[in-house]
$ cat data-v5.cif   # mmCIF, C-alpha atoms and all ligand atoms
data_entry
loop_
_atom_site.label_atom_id
_atom_site.label_comp_id
_atom_site.auth_asym_id
_atom_site.auth_seq_id
_atom_site.Cartn_x
_atom_site.Cartn_y
_atom_site.Cartn_z
CA MET A 1 -1.58 -7.71 -27.57
CA SER A 2 0.53 -5.62 -25.19
CA ARG A 3 1.04 -5.94 -21.48
CA CYS A 4 0.18 -2.64 -19.86
CA VAL A 5 0.38 -1.21 -16.37
CA VAL A 6 -2.04 1.55 -15.39
CA THR A 7 -1.26 3.41 -12.17
CA GLY A 8 -4.23 5.13 -10.54
CA ALA A 9 -6.40 2.39 -12.08
CA ALA A 10 -9.23 2.83 -9.59
CA GLY A 11 -9.52 6.54 -10.25
CA PHE A 12 -11.83 8.42 -12.59
CA ILE A 13 -9.67 8.46 -15.74
CA GLY A 14 -7.46 5.46 -14.94
CA SER A 15 -10.47 3.14 -14.68
CA HIS A 16 -11.80 4.27 -18.07
CA LEU A 17 -8.36 3.76 -19.57
CA CYS A 18 -8.23 0.19 -18.17
CA ASP A 19 -11.64 -0.53 -19.75
CA ALA A 20 -10.49 0.81 -23.12
CA LEU A 21 -7.20 -1.13 -23.10
CA LEU A 22 -9.04 -4.34 -22.21
CA GLU A 23 -11.56 -3.71 -24.94
CA LYS A 24 -8.68 -3.50 -27.41
CA GLY A 25 -7.46 -6.93 -26.29
CA HIS A 26 -4.51 -5.88 -24.12
CA GLU A 27 -3.49 -7.34 -20.78
CA VAL A 28 -3.72 -4.81 -17.96
CA LEU A 29 -2.27 -4.67 -14.48
CA GLY A 30 -3.96 -1.90 -12.54
CA ILE A 31 -2.23 -0.39 -9.51
CA ASP A 32 -3.91 1.86 -6.96
CA ALA A 33 -3.53 2.62 -3.25
CA PHE A 34 -7.08 3.92 -2.74
CA ILE A 35 -5.71 7.19 -1.34
CA PRO A 36 -8.69 8.46 0.67
CA TYR A 37 -9.08 11.75 -1.20
CA TYR A 38 -12.56 10.46 -1.93
CA PRO A 39 -14.26 7.30 -0.70
CA ARG A 40 -12.94 3.87 -1.56
CA ASP A 41 -16.36 2.47 -2.43
CA ILE A 42 -16.59 4.91 -5.36
CA LYS A 43 -13.23 3.69 -6.65
CA GLU A 44 -14.24 0.05 -6.16
CA ARG A 45 -17.26 0.75 -8.35
CA ASN A 46 -15.01 2.38 -10.96
CA LEU A 47 -13.08 -0.88 -11.17
CA MET A 48 -16.07 -3.17 -11.53
CA SER A 49 -16.11 -3.43 -15.31
CA ALA A 50 -12.35 -4.00 -15.61
CA ARG A 51 -12.47 -6.69 -12.95
CA ARG A 52 -14.87 -8.69 -15.10
CA SER A 53 -12.11 -9.26 -17.70
CA PRO A 54 -9.78 -12.27 -17.33
CA ARG A 55 -7.03 -10.08 -18.82
CA PHE A 56 -7.21 -7.66 -15.90
CA SER A 57 -5.29 -8.02 -12.66
CA PHE A 58 -5.10 -5.58 -9.81
CA LEU A 59 -2.42 -4.72 -7.30
CA GLU A 60 -3.39 -2.65 -4.29
CA ALA A 61 -0.11 -0.86 -3.68
CA ASP A 62 1.31 2.54 -2.98
CA LEU A 63 3.74 3.84 -5.60
CA ARG A 64 5.78 5.46 -2.86
CA THR A 65 6.70 2.14 -1.27
CA ALA A 66 5.76 -0.80 -3.53
CA ASP A 67 8.18 -3.06 -5.36
CA LEU A 68 7.38 -1.52 -8.74
CA ALA A 69 10.16 -3.30 -10.65
CA LYS A 70 8.45 -6.59 -9.83
CA ALA A 71 5.12 -5.19 -11.05
CA PHE A 72 6.60 -3.76 -14.27
CA GLU A 73 8.63 -6.86 -15.21
CA GLY A 74 7.71 -7.92 -18.77
CA CYS A 75 5.31 -5.06 -19.40
CA ASP A 76 5.38 -3.02 -22.61
CA ALA A 77 3.86 0.26 -21.47
CA VAL A 78 3.19 2.09 -18.23
CA PHE A 79 0.37 4.62 -18.12
CA HIS A 80 1.08 6.80 -15.12
CA GLU A 81 -2.32 8.21 -14.17
CA ALA A 82 -1.92 8.07 -10.39
CA ALA A 83 -1.64 11.38 -8.60
CA MET A 84 -3.11 13.46 -5.87
CA ALA A 85 -5.43 15.43 -8.14
CA GLY A 86 -7.58 18.37 -7.09
CA LEU A 87 -6.10 21.77 -6.84
CA MET A 88 -7.51 23.29 -3.65
CA ARG A 89 -6.41 20.65 -1.21
CA SER A 90 -2.83 20.99 -2.42
CA TRP A 91 -2.60 24.27 -0.46
CA SER A 92 -3.19 22.48 2.83
CA ASP A 93 -1.78 19.02 2.13
CA PHE A 94 1.42 19.85 0.33
CA GLU A 95 3.48 16.95 1.61
CA LEU A 96 1.00 14.38 0.37
CA TYR A 97 0.89 16.03 -3.08
CA ALA A 98 4.65 16.32 -3.29
CA ASP A 99 5.12 12.74 -2.14
CA CYS A 100 2.54 11.10 -4.44
CA ASN A 101 3.06 13.31 -7.48
CA LEU A 102 6.82 13.72 -7.44
CA ASN A 103 8.28 10.95 -5.34
CA GLY A 104 5.68 8.51 -6.73
CA THR A 105 6.69 9.50 -10.27
CA ARG A 106 10.38 9.08 -9.42
CA ARG A 107 9.71 5.51 -8.29
CA VAL A 108 7.69 4.79 -11.46
CA LEU A 109 10.54 6.12 -13.62
CA GLU A 110 13.22 4.19 -11.73
CA ALA A 111 11.30 0.95 -12.10
CA ALA A 112 10.60 1.66 -15.79
CA ARG A 113 14.31 2.26 -16.32
CA ASP A 114 15.37 -0.86 -14.43
CA THR A 115 12.90 -3.13 -16.24
CA ARG A 116 13.40 -1.46 -19.65
CA VAL A 117 9.74 -0.57 -20.15
CA ARG A 118 9.32 0.45 -23.79
CA HIS A 119 6.98 3.38 -23.24
CA VAL A 120 5.93 5.47 -20.26
CA ILE A 121 2.86 7.63 -20.85
CA HIS A 122 3.01 10.23 -18.14
CA VAL A 123 -0.19 12.11 -17.36
CA SER A 124 0.12 15.79 -16.56
CA THR A 125 -2.29 18.69 -16.51
CA SER A 126 -3.20 22.10 -17.92
CA SER A 127 -2.53 23.36 -14.38
CA VAL A 128 1.18 23.47 -15.21
CA TYR A 129 0.44 26.57 -17.34
CA GLY A 130 -1.04 28.65 -14.52
CA LYS A 131 -3.72 31.31 -14.48
CA VAL A 132 -4.41 31.23 -18.20
CA ALA A 133 -3.93 28.03 -20.15
CA THR A 134 -4.66 28.90 -23.73
CA GLY A 135 -1.34 28.58 -25.54
CA THR A 136 0.63 25.83 -27.21
CA GLU A 137 2.84 23.28 -25.47
CA GLU A 138 5.70 25.75 -25.92
CA SER A 139 4.09 28.34 -23.62
CA ALA A 140 6.12 29.00 -20.50
CA PRO A 141 4.61 27.08 -17.58
CA ARG A 142 3.86 29.12 -14.49
CA PRO A 143 1.64 27.08 -12.16
CA VAL A 144 -0.41 28.97 -9.57
CA SER A 145 -1.06 26.08 -7.19
CA PRO A 146 1.11 23.58 -5.34
CA TYR A 147 -0.70 20.87 -7.32
CA GLY A 148 0.47 22.44 -10.60
CA VAL A 149 3.98 22.82 -9.21
CA THR A 150 4.22 19.14 -8.26
CA LYS A 151 2.88 18.09 -11.66
CA LEU A 152 5.35 20.35 -13.47
CA ALA A 153 8.21 19.01 -11.36
CA ALA A 154 7.11 15.47 -12.27
CA GLU A 155 7.23 16.41 -15.98
CA HIS A 156 10.79 17.67 -15.56
CA LEU A 157 11.74 14.48 -13.76
CA CYS A 158 10.39 12.47 -16.70
CA ARG A 159 12.62 14.38 -19.08
CA ALA A 160 15.59 13.99 -16.74
CA PHE A 161 15.13 10.20 -16.81
CA GLU A 162 14.70 10.31 -20.57
CA ASP A 163 17.80 12.40 -21.20
CA THR A 164 19.98 10.59 -18.67
CA PHE A 165 18.83 6.96 -18.91
CA GLY A 166 16.89 6.82 -22.18
CA VAL A 167 13.52 6.12 -20.55
CA PRO A 168 11.02 6.69 -23.40
CA VAL A 169 8.34 9.08 -22.13
CA THR A 170 5.32 10.81 -23.65
CA ILE A 171 3.73 13.57 -21.56
CA LEU A 172 0.01 14.30 -21.91
CA ARG A 173 -1.43 17.46 -20.39
CA TYR A 174 -5.12 16.81 -19.84
CA PHE A 175 -7.55 19.74 -19.72
CA SER A 176 -10.55 19.49 -17.29
CA VAL A 177 -11.92 16.02 -17.87
CA TYR A 178 -15.58 15.18 -17.23
CA GLY A 179 -18.05 12.39 -17.83
CA PRO A 180 -19.21 9.24 -16.02
CA ARG A 181 -17.19 8.48 -12.84
CA GLN A 182 -15.97 12.07 -12.54
CA ARG A 183 -14.37 12.69 -9.15
CA PRO A 184 -16.83 13.92 -6.51
CA ASP A 185 -14.79 17.07 -5.85
CA MET A 186 -15.01 18.26 -9.46
CA ALA A 187 -17.34 21.03 -10.55
CA TYR A 188 -19.64 19.17 -12.91
CA HIS A 189 -20.07 16.33 -10.44
CA ILE A 190 -21.02 18.79 -7.71
CA LEU A 191 -23.29 20.73 -10.05
CA ILE A 192 -25.19 17.68 -11.25
CA ARG A 193 -25.48 16.29 -7.74
CA ALA A 194 -26.80 19.63 -6.53
CA LEU A 195 -29.39 19.74 -9.31
CA LEU A 196 -30.54 16.15 -8.88
CA HIS A 197 -30.76 16.32 -5.09
CA GLY A 198 -31.84 19.93 -4.59
CA GLU A 199 -28.58 20.95 -2.89
CA ALA A 200 -27.12 24.48 -3.05
CA PHE A 201 -24.16 25.01 -5.38
CA VAL A 202 -21.34 27.23 -4.12
CA MET A 203 -20.01 29.25 -7.04
CA TYR A 204 -16.56 30.78 -6.66
CA GLY A 205 -16.06 33.78 -8.92
CA ASP A 206 -18.61 35.23 -11.31
CA GLY A 207 -19.16 32.12 -13.42
CA ARG A 208 -17.50 33.70 -16.43
CA GLN A 209 -14.41 31.51 -16.02
CA THR A 210 -14.07 29.33 -19.11
CA ARG A 211 -12.91 25.78 -19.61
CA SER A 212 -12.23 23.61 -22.61
CA ASN A 213 -13.55 20.47 -21.06
CA THR A 214 -12.55 17.05 -22.29
CA PHE A 215 -15.02 14.19 -22.33
CA VAL A 216 -13.38 11.22 -20.67
CA ALA A 217 -13.73 8.93 -23.72
CA ASP A 218 -11.93 11.56 -25.83
CA CYS A 219 -9.20 11.86 -23.21
CA VAL A 220 -8.75 8.08 -23.26
CA ARG A 221 -8.64 8.03 -27.08
CA ALA A 222 -5.85 10.61 -27.08
CA THR A 223 -3.97 8.53 -24.52
CA LEU A 224 -4.34 5.42 -26.67
CA ALA A 225 -3.21 7.38 -29.74
CA ALA A 226 0.02 8.27 -27.93
CA PHE A 227 0.52 4.65 -26.88
CA GLU A 228 -0.16 3.28 -30.37
CA GLN A 229 2.24 5.68 -32.11
CA PRO A 230 5.42 5.62 -29.99
CA ARG A 231 7.62 6.56 -32.94
CA VAL A 232 6.09 10.02 -33.06
CA SER A 233 4.95 10.43 -29.45
CA VAL A 234 8.03 9.49 -27.41
CA GLY A 235 9.93 12.56 -26.27
CA GLU A 236 6.92 14.79 -26.93
CA THR A 237 4.44 16.70 -24.80
CA PHE A 238 0.84 17.10 -25.95
CA ASN A 239 -2.14 19.12 -24.76
CA VAL A 240 -5.26 16.95 -24.62
CA GLY A 241 -8.49 18.93 -24.70
CA GLY A 242 -12.04 18.79 -25.82
CA GLY A 243 -12.09 21.58 -28.35
CA GLU A 244 -15.21 23.37 -27.16
CA VAL A 245 -14.80 26.29 -24.72
CA VAL A 246 -17.67 27.04 -22.33
CA SER A 247 -18.11 29.26 -19.30
CA LEU A 248 -19.41 27.95 -15.99
CA ASN A 249 -22.54 30.07 -16.46
CA GLU A 250 -23.19 28.40 -19.83
CA VAL A 251 -22.72 24.95 -18.34
CA ILE A 252 -25.20 25.76 -15.57
CA GLU A 253 -27.77 26.86 -18.17
CA LEU A 254 -27.23 23.69 -20.14
CA LEU A 255 -27.47 21.45 -17.09
CA GLN A 256 -30.69 23.13 -15.99
CA THR A 257 -32.15 22.42 -19.43
CA LEU A 258 -30.92 18.82 -19.49
CA THR A 259 -32.18 17.98 -16.00
CA GLY A 260 -35.29 20.17 -16.10
CA LYS A 261 -34.34 21.57 -12.66
CA ARG A 262 -33.28 24.98 -11.33
CA LEU A 263 -30.01 25.40 -9.48
CA HIS A 264 -29.77 27.25 -6.18
CA ILE A 265 -26.47 29.16 -6.33
CA GLU A 266 -24.50 30.55 -3.36
CA ARG A 267 -21.94 33.07 -4.63
CA ARG A 268 -18.41 33.45 -3.19
CA PRO A 269 -15.23 35.21 -4.38
CA SER A 270 -12.78 33.17 -6.43
CA ARG A 271 -10.14 31.24 -4.51
CA PRO A 272 -6.34 31.23 -4.60
CA GLY A 273 -5.05 29.20 -7.51
CA ASP A 274 -8.34 29.14 -9.45
CA GLN A 275 -7.65 29.37 -13.16
CA ALA A 276 -9.49 32.04 -15.12
CA HIS A 277 -9.48 30.56 -18.60
CA THR A 278 -8.34 27.29 -20.08
CA ALA A 279 -8.73 26.59 -23.77
CA ALA A 280 -6.68 23.68 -24.93
CA ASN A 281 -4.66 24.36 -28.02
CA ILE A 282 -4.80 20.88 -29.55
CA ASP A 283 -3.11 21.64 -32.87
CA LYS A 284 -0.11 19.46 -32.07
CA VAL A 285 -1.98 16.38 -30.84
CA THR A 286 -4.23 16.62 -33.90
CA ARG A 287 -1.35 17.05 -36.33
CA VAL A 288 1.00 14.44 -34.85
CA LEU A 289 -1.34 11.81 -33.39
CA GLY A 290 -4.48 12.41 -35.47
CA TYR A 291 -6.56 13.01 -32.33
CA ARG A 292 -9.79 14.96 -32.60
CA PRO A 293 -12.39 15.21 -29.83
CA THR A 294 -15.72 13.75 -30.87
CA THR A 295 -18.04 14.44 -27.92
CA GLY A 296 -19.56 17.89 -27.57
CA ILE A 297 -20.44 19.37 -24.20
CA ALA A 298 -24.19 18.66 -24.40
CA ASP A 299 -23.73 14.98 -25.22
CA GLY A 300 -20.98 14.63 -22.64
CA LEU A 301 -23.05 16.19 -19.87
CA ARG A 302 -26.02 14.04 -20.86
CA ALA A 303 -23.84 10.94 -20.38
CA GLN A 304 -22.62 12.19 -17.01
CA ILE A 305 -26.16 12.94 -15.82
CA ALA A 306 -27.24 9.43 -16.83
CA TRP A 307 -24.34 7.98 -14.84
CA HIS A 308 -25.27 10.05 -11.76
CA ARG A 309 -28.83 8.80 -11.98
CA GLU A 310 -27.77 5.16 -12.38
CA SER A 311 -25.20 5.25 -9.60
CA ALA A 312 -27.59 7.00 -7.20
CA VAL A 313 -30.12 4.25 -7.90
CA SER A 314 -27.55 1.46 -7.51
CA ARG A 315 -26.34 2.79 -4.17
CA GLY A 316 -29.74 3.86 -2.94
CA GLY A 317 -29.01 7.56 -2.44
CA PRO A 318 -27.04 10.60 -3.50
CA ALA A 319 -23.33 10.33 -4.33
CA GLN A 320 -20.90 10.76 -1.45
CA GLY A 321 -18.15 13.30 -1.72
CA ALA A 322 -16.79 16.76 -1.15
CA SER A 323 -19.17 19.55 -0.35
CA SER A 324 -17.60 22.56 -2.01
CA SER A 325 -17.30 23.39 -5.68
CA LEU A 326 -14.19 23.30 -7.75
CA PRO A 327 -14.84 24.91 -11.09
CA GLY A 328 -11.33 24.28 -12.25
CA PRO A 329 -9.03 21.74 -13.82
CA SER A 330 -7.04 19.23 -11.88
N1 LIG B 1 -9.71 14.84 -13.83
C1 LIG B 1 -9.20 15.86 -14.53
O1 LIG B 1 -9.92 16.76 -15.00
C2 LIG B 1 -7.73 15.95 -14.78
C3 LIG B 1 -7.24 17.05 -15.51
C4 LIG B 1 -5.88 17.14 -15.75
C5 LIG B 1 -5.03 16.14 -15.33
N2 LIG B 1 -5.52 15.09 -14.61
C6 LIG B 1 -4.57 14.05 -14.17
O2 LIG B 1 -5.14 12.79 -14.54
C7 LIG B 1 -4.74 11.80 -13.60
C8 LIG B 1 -5.97 11.06 -13.09
O3 LIG B 1 -6.82 12.00 -12.43
P1 LIG B 1 -8.27 11.60 -11.91
O4 LIG B 1 -9.13 12.79 -12.06
O5 LIG B 1 -8.67 10.31 -12.51
O6 LIG B 1 -7.98 11.42 -10.35
P2 LIG B 1 -8.43 10.28 -9.32
O7 LIG B 1 -8.14 10.81 -7.96
O8 LIG B 1 -9.82 9.84 -9.61
O9 LIG B 1 -7.45 9.10 -9.65
C9 LIG B 1 -6.11 9.05 -9.22
C10 LIG B 1 -5.88 7.70 -8.55
O10 LIG B 1 -4.50 7.64 -8.19
C11 LIG B 1 -4.39 6.94 -6.97
N3 LIG B 1 -3.13 7.29 -6.32
C12 LIG B 1 -2.74 8.54 -5.93
N4 LIG B 1 -1.54 8.47 -5.34
C13 LIG B 1 -1.16 7.15 -5.37
C14 LIG B 1 -0.03 6.45 -4.90
N5 LIG B 1 0.97 7.06 -4.24
N6 LIG B 1 0.04 5.12 -5.10
C15 LIG B 1 -0.96 4.46 -5.75
N7 LIG B 1 -2.08 5.08 -6.19
C16 LIG B 1 -2.18 6.41 -6.00
C17 LIG B 1 -5.61 7.38 -6.16
O11 LIG B 1 -5.96 6.44 -5.17
C18 LIG B 1 -6.68 7.52 -7.26
O12 LIG B 1 -7.51 6.37 -7.34
C19 LIG B 1 -3.93 12.53 -12.54
O13 LIG B 1 -2.57 12.38 -12.84
C20 LIG B 1 -4.36 13.98 -12.68
O14 LIG B 1 -3.34 14.85 -12.24
C21 LIG B 1 -6.85 14.97 -14.33
#

$ encode --input "data-v5.cif" --output "structure tokens"
Amino acid sequence: MSRCVVTGAAGFIGSHLCDALLEKGHEVLGIDAFIPYYPRDIKERNLMSARRSPRFSFLEADLRTADLAKAFEGCDAVFHEAAMAGLMRSWSDFELYADCNLNGTRRVLEAARDTRVRHVIHVSTSSVYGKVATGTEESAPRPVSPYGVTKLAAEHLCRAFEDTFGVPVTILRYFSVYGPRQRPDMAYHILIRALLHGEAFVMYGDGRQTRSNTFVADCVRATLAAFEQPRVSVGETFNVGGGEVVSLNEVIELLQTLTGKRLHIERRPSRPGDQAHTAANIDKVTRVLGYRPTTGIADGLRAQIAWHRESAVSRGGPAQGASSSLPGPS
């Protein structure tokens, strides 16, 4: 059994990671500040299953100010999931993104160094690549949004701490993650909500933009594979993707079939920073860590639709959240 810290534990992916670590018998301290990018009650619900475990504890704290060394004392691994995610808002809220994503990461790395944490798994994004994210980890990063810039800077800071102080870091670049608990600003969440509740869907661009979406359970399995194989993962950067590439138009077709409903689409031009194509090259993570995605897009969307239906029932109405679409990674 290991003692793990998960930052961003109340978020979409962080909460699934906590559940998976607990299921494997580890002890988990979750940290989250409930940054109001989307409503707190959604994040509280994300945490419900983890909170049922006696091996889970939770610290409501902001990485930018908290005493992280105290929190990290005696822990074996830190999974740094916390960030201001979501690409569009980074154009208007740069300071918050820079502060959480870069300064927050600095404080995580300093505390990991000072408490001699054995492994930091730092979560990054395909957005570091820029407009087209289809190459290997060696492709030159050229982010096209402030979000991507802050995440790339955080990656560099990780390597600076590794090279200078020996902090052992693995970097994982997730590609468009979806599934139950997906953030309310993300495209599939908005699409499914629109279909289930008869709302209009605002489509930016022509719908031919493609994504290699990653089902959240696959994303978590890749993260665990990095954690469980530090000898080969420390010092490395891995793309984490879902294998299957689909266009937004194809996803809409599929969702209409799965829900039995027609979508009302409002068309708009694409927005600054929108990525055209992402297709995760996962050769390295497959070769080195033995990771292979197992959930195809139809099964993954089916699981997300089921979650939307259950959570709408449990809260007595449609999901709360952002009102515009974001057919992109984050
Ligand atoms: N969702 C995706 O498709 C996707 C794709 C690529 C990369 N990522 C990365 O995965 C990670 C998780 O993303 P997510 O989609 O689960 O987002 P999320 O917003 O659901 O979760 C992030 C959590 O971090 C917390 N947080 C942010 N700043 C904090 C701070 N200063 N102190 C404490 N807590 C803080 C937020 O309150 C939130 O609960 C992020 O690092 C994101 O950049 C996500």

$ residues_near_ligand --input "data-v5.cif" --ligand "ligand LIG 1 (chain B)" --cutoff "6 Å" --atoms "only C-alpha atoms and all ligand atoms" --output "JSON, numbers by chain"
{"A": [8, 10, 11, 12, 13, 14, 32, 33, 34, 35, 61, 62, 63, 64, 81, 82, 83, 84, 85, 100, 104, 123, 124, 125, 174, 175, 176, 177, 183, 329, 330]}

$ write_last_selection --input "data-v5.cif" --atoms "C-alpha atoms" --output "JSON list (two decimals), in the coordinates of the input"
[["chain", "number", "residue", "atom", "x", "y", "z"],
["A", 8, "GLY", "CA", -4.23, 5.13, -10.54],
["A", 10, "ALA", "CA", -9.23, 2.83, -9.59],
["A", 11, "GLY", "CA", -9.52, 6.54, -10.25],
["A", 12, "PHE", "CA", -11.83, 8.42, -12.59],
["A", 13, "ILE", "CA", -9.67, 8.46, -15.74],
["A", 14, "GLY", "CA", -7.46, 5.46, -14.94],
["A", 32, "ASP", "CA", -3.91, 1.86, -6.96],
["A", 33, "ALA", "CA", -3.53, 2.62, -3.25],
["A", 34, "PHE", "CA", -7.08, 3.92, -2.74],
["A", 35, "ILE", "CA", -5.71, 7.19, -1.34],
["A", 61, "ALA", "CA", -0.11, -0.86, -3.68],
["A", 62, "ASP", "CA", 1.31, 2.54, -2.98],
["A", 63, "LEU", "CA", 3.74, 3.84, -5.60],
["A", 64, "ARG", "CA", 5.78, 5.46, -2.86],
["A", 81, "GLU", "CA", -2.32, 8.21, -14.17],
["A", 82, "ALA", "CA", -1.92, 8.07, -10.39],
["A", 83, "ALA", "CA", -1.64, 11.38, -8.60],
["A", 84, "MET", "CA", -3.11, 13.46, -5.87],
["A", 85, "ALA", "CA", -5.43, 15.43, -8.14],
["A", 100, "CYS", "CA", 2.54, 11.10, -4.44],
["A", 104, "GLY", "CA", 5.68, 8.51, -6.73],
["A", 123, "VAL", "CA", -0.19, 12.11, -17.36],
["A", 124, "SER", "CA", 0.12, 15.79, -16.56],
["A", 125, "THR", "CA", -2.29, 18.69, -16.51],
["A", 174, "TYR", "CA", -5.12, 16.81, -19.84],
["A", 175, "PHE", "CA", -7.55, 19.74, -19.72],
["A", 176, "SER", "CA", -10.55, 19.49, -17.29],
["A", 177, "VAL", "CA", -11.92, 16.02, -17.87],
["A", 183, "ARG", "CA", -14.37, 12.69, -9.15],
["A", 329, "PRO", "CA", -9.03, 21.74, -13.82],
["A", 330, "SER", "CA", -7.04, 19.23, -11.88]]

$ residues_around --input "data-v5.cif" --residues "A:Lys284" --least-positions-apart "6" --cutoff "10 Å" --atoms "only C-alpha atoms" --output "PyMOL selection string"
chain A and resi 136-137+236-240+290-291

$ write_last_selection --input "data-v5.cif" --atoms "C-alpha atoms" --output "short mmCIF file (atom, residue, chain, number, x, y, z; two decimals), keeping the file's coordinate frame"
data_model
loop_
_atom_site.label_atom_id
_atom_site.label_comp_id
_atom_site.auth_asym_id
_atom_site.auth_seq_id
_atom_site.Cartn_x
_atom_site.Cartn_y
_atom_site.Cartn_z
CA THR A 136 0.63 25.83 -27.21
CA GLU A 137 2.84 23.28 -25.47
CA GLU A 236 6.92 14.79 -26.93
CA THR A 237 4.44 16.70 -24.80
CA PHE A 238 0.84 17.10 -25.95
CA ASN A 239 -2.14 19.12 -24.76
CA VAL A 240 -5.26 16.95 -24.62
CA GLY A 290 -4.48 12.41 -35.47
CA TYR A 291 -6.56 13.01 -32.33
#

$ closest_residue --input "data-v5.cif" --among "A:Ile252, A:Asp206, A:Asp218, A:Asn101" --to "A:Cys158" --atoms "all atoms listed in the file"
A:Asn101

$ atom_distance --input "data-v5.cif" --atom1 "atom CA of A:Leu255" --atom2 "atom CA of A:Leu196"
10.2 Å

$ atom_distance --input "data-v5.cif" --atom1 "atom CA of A:Glu73" --atom2 "atom CA of A:His156"
24.6 Å

$ atom_distance --input "data-v5.cif" --atom1 "atom CA of A:Gly30" --atom2 "atom CA of A:Cys18"
7.4 Å

$ residues_around --input "data-v5.cif" --residues "A:Glu244" --least-positions-apart "2" --cutoff "9 Å" --atoms "only C-alpha atoms" --output "PyMOL selection string"
chain A and resi 211-214+241-242+246+279-280+296-297

$ decode --input "data-v5.cif" --residues "stretch 55-66 of chain A" --atoms "C-alpha atoms" --output "mmCIF file, in the first residue's frame"
data_model
loop_
_atom_site.group_PDB
_atom_site.id
_atom_site.type_symbol
_atom_site.label_atom_id
_atom_site.label_comp_id
_atom_site.auth_asym_id
_atom_site.auth_seq_id
_atom_site.Cartn_x
_atom_site.Cartn_y
_atom_site.Cartn_z
ATOM 1 C CA ARG A 55 -8.471 5.260 3.517
ATOM 2 C CA PHE A 56 -9.481 8.600 2.009
ATOM 3 C CA SER A 57 -8.921 11.964 3.633
ATOM 4 C CA PHE A 58 -9.559 15.363 2.167
ATOM 5 C CA LEU A 59 -7.921 18.735 2.591
ATOM 6 C CA GLU A 60 -9.722 21.779 1.280
ATOM 7 C CA ALA A 61 -6.751 23.958 0.432
ATOM 8 C CA ASP A 62 -5.372 26.152 -2.289
ATOM 9 C CA LEU A 63 -2.039 25.021 -3.733
ATOM 10 C CA ARG A 64 -1.004 28.644 -4.087
ATOM 11 C CA THR A 65 -1.045 29.257 -0.341
ATOM 12 C CA ALA A 66 -1.362 25.981 1.606
#
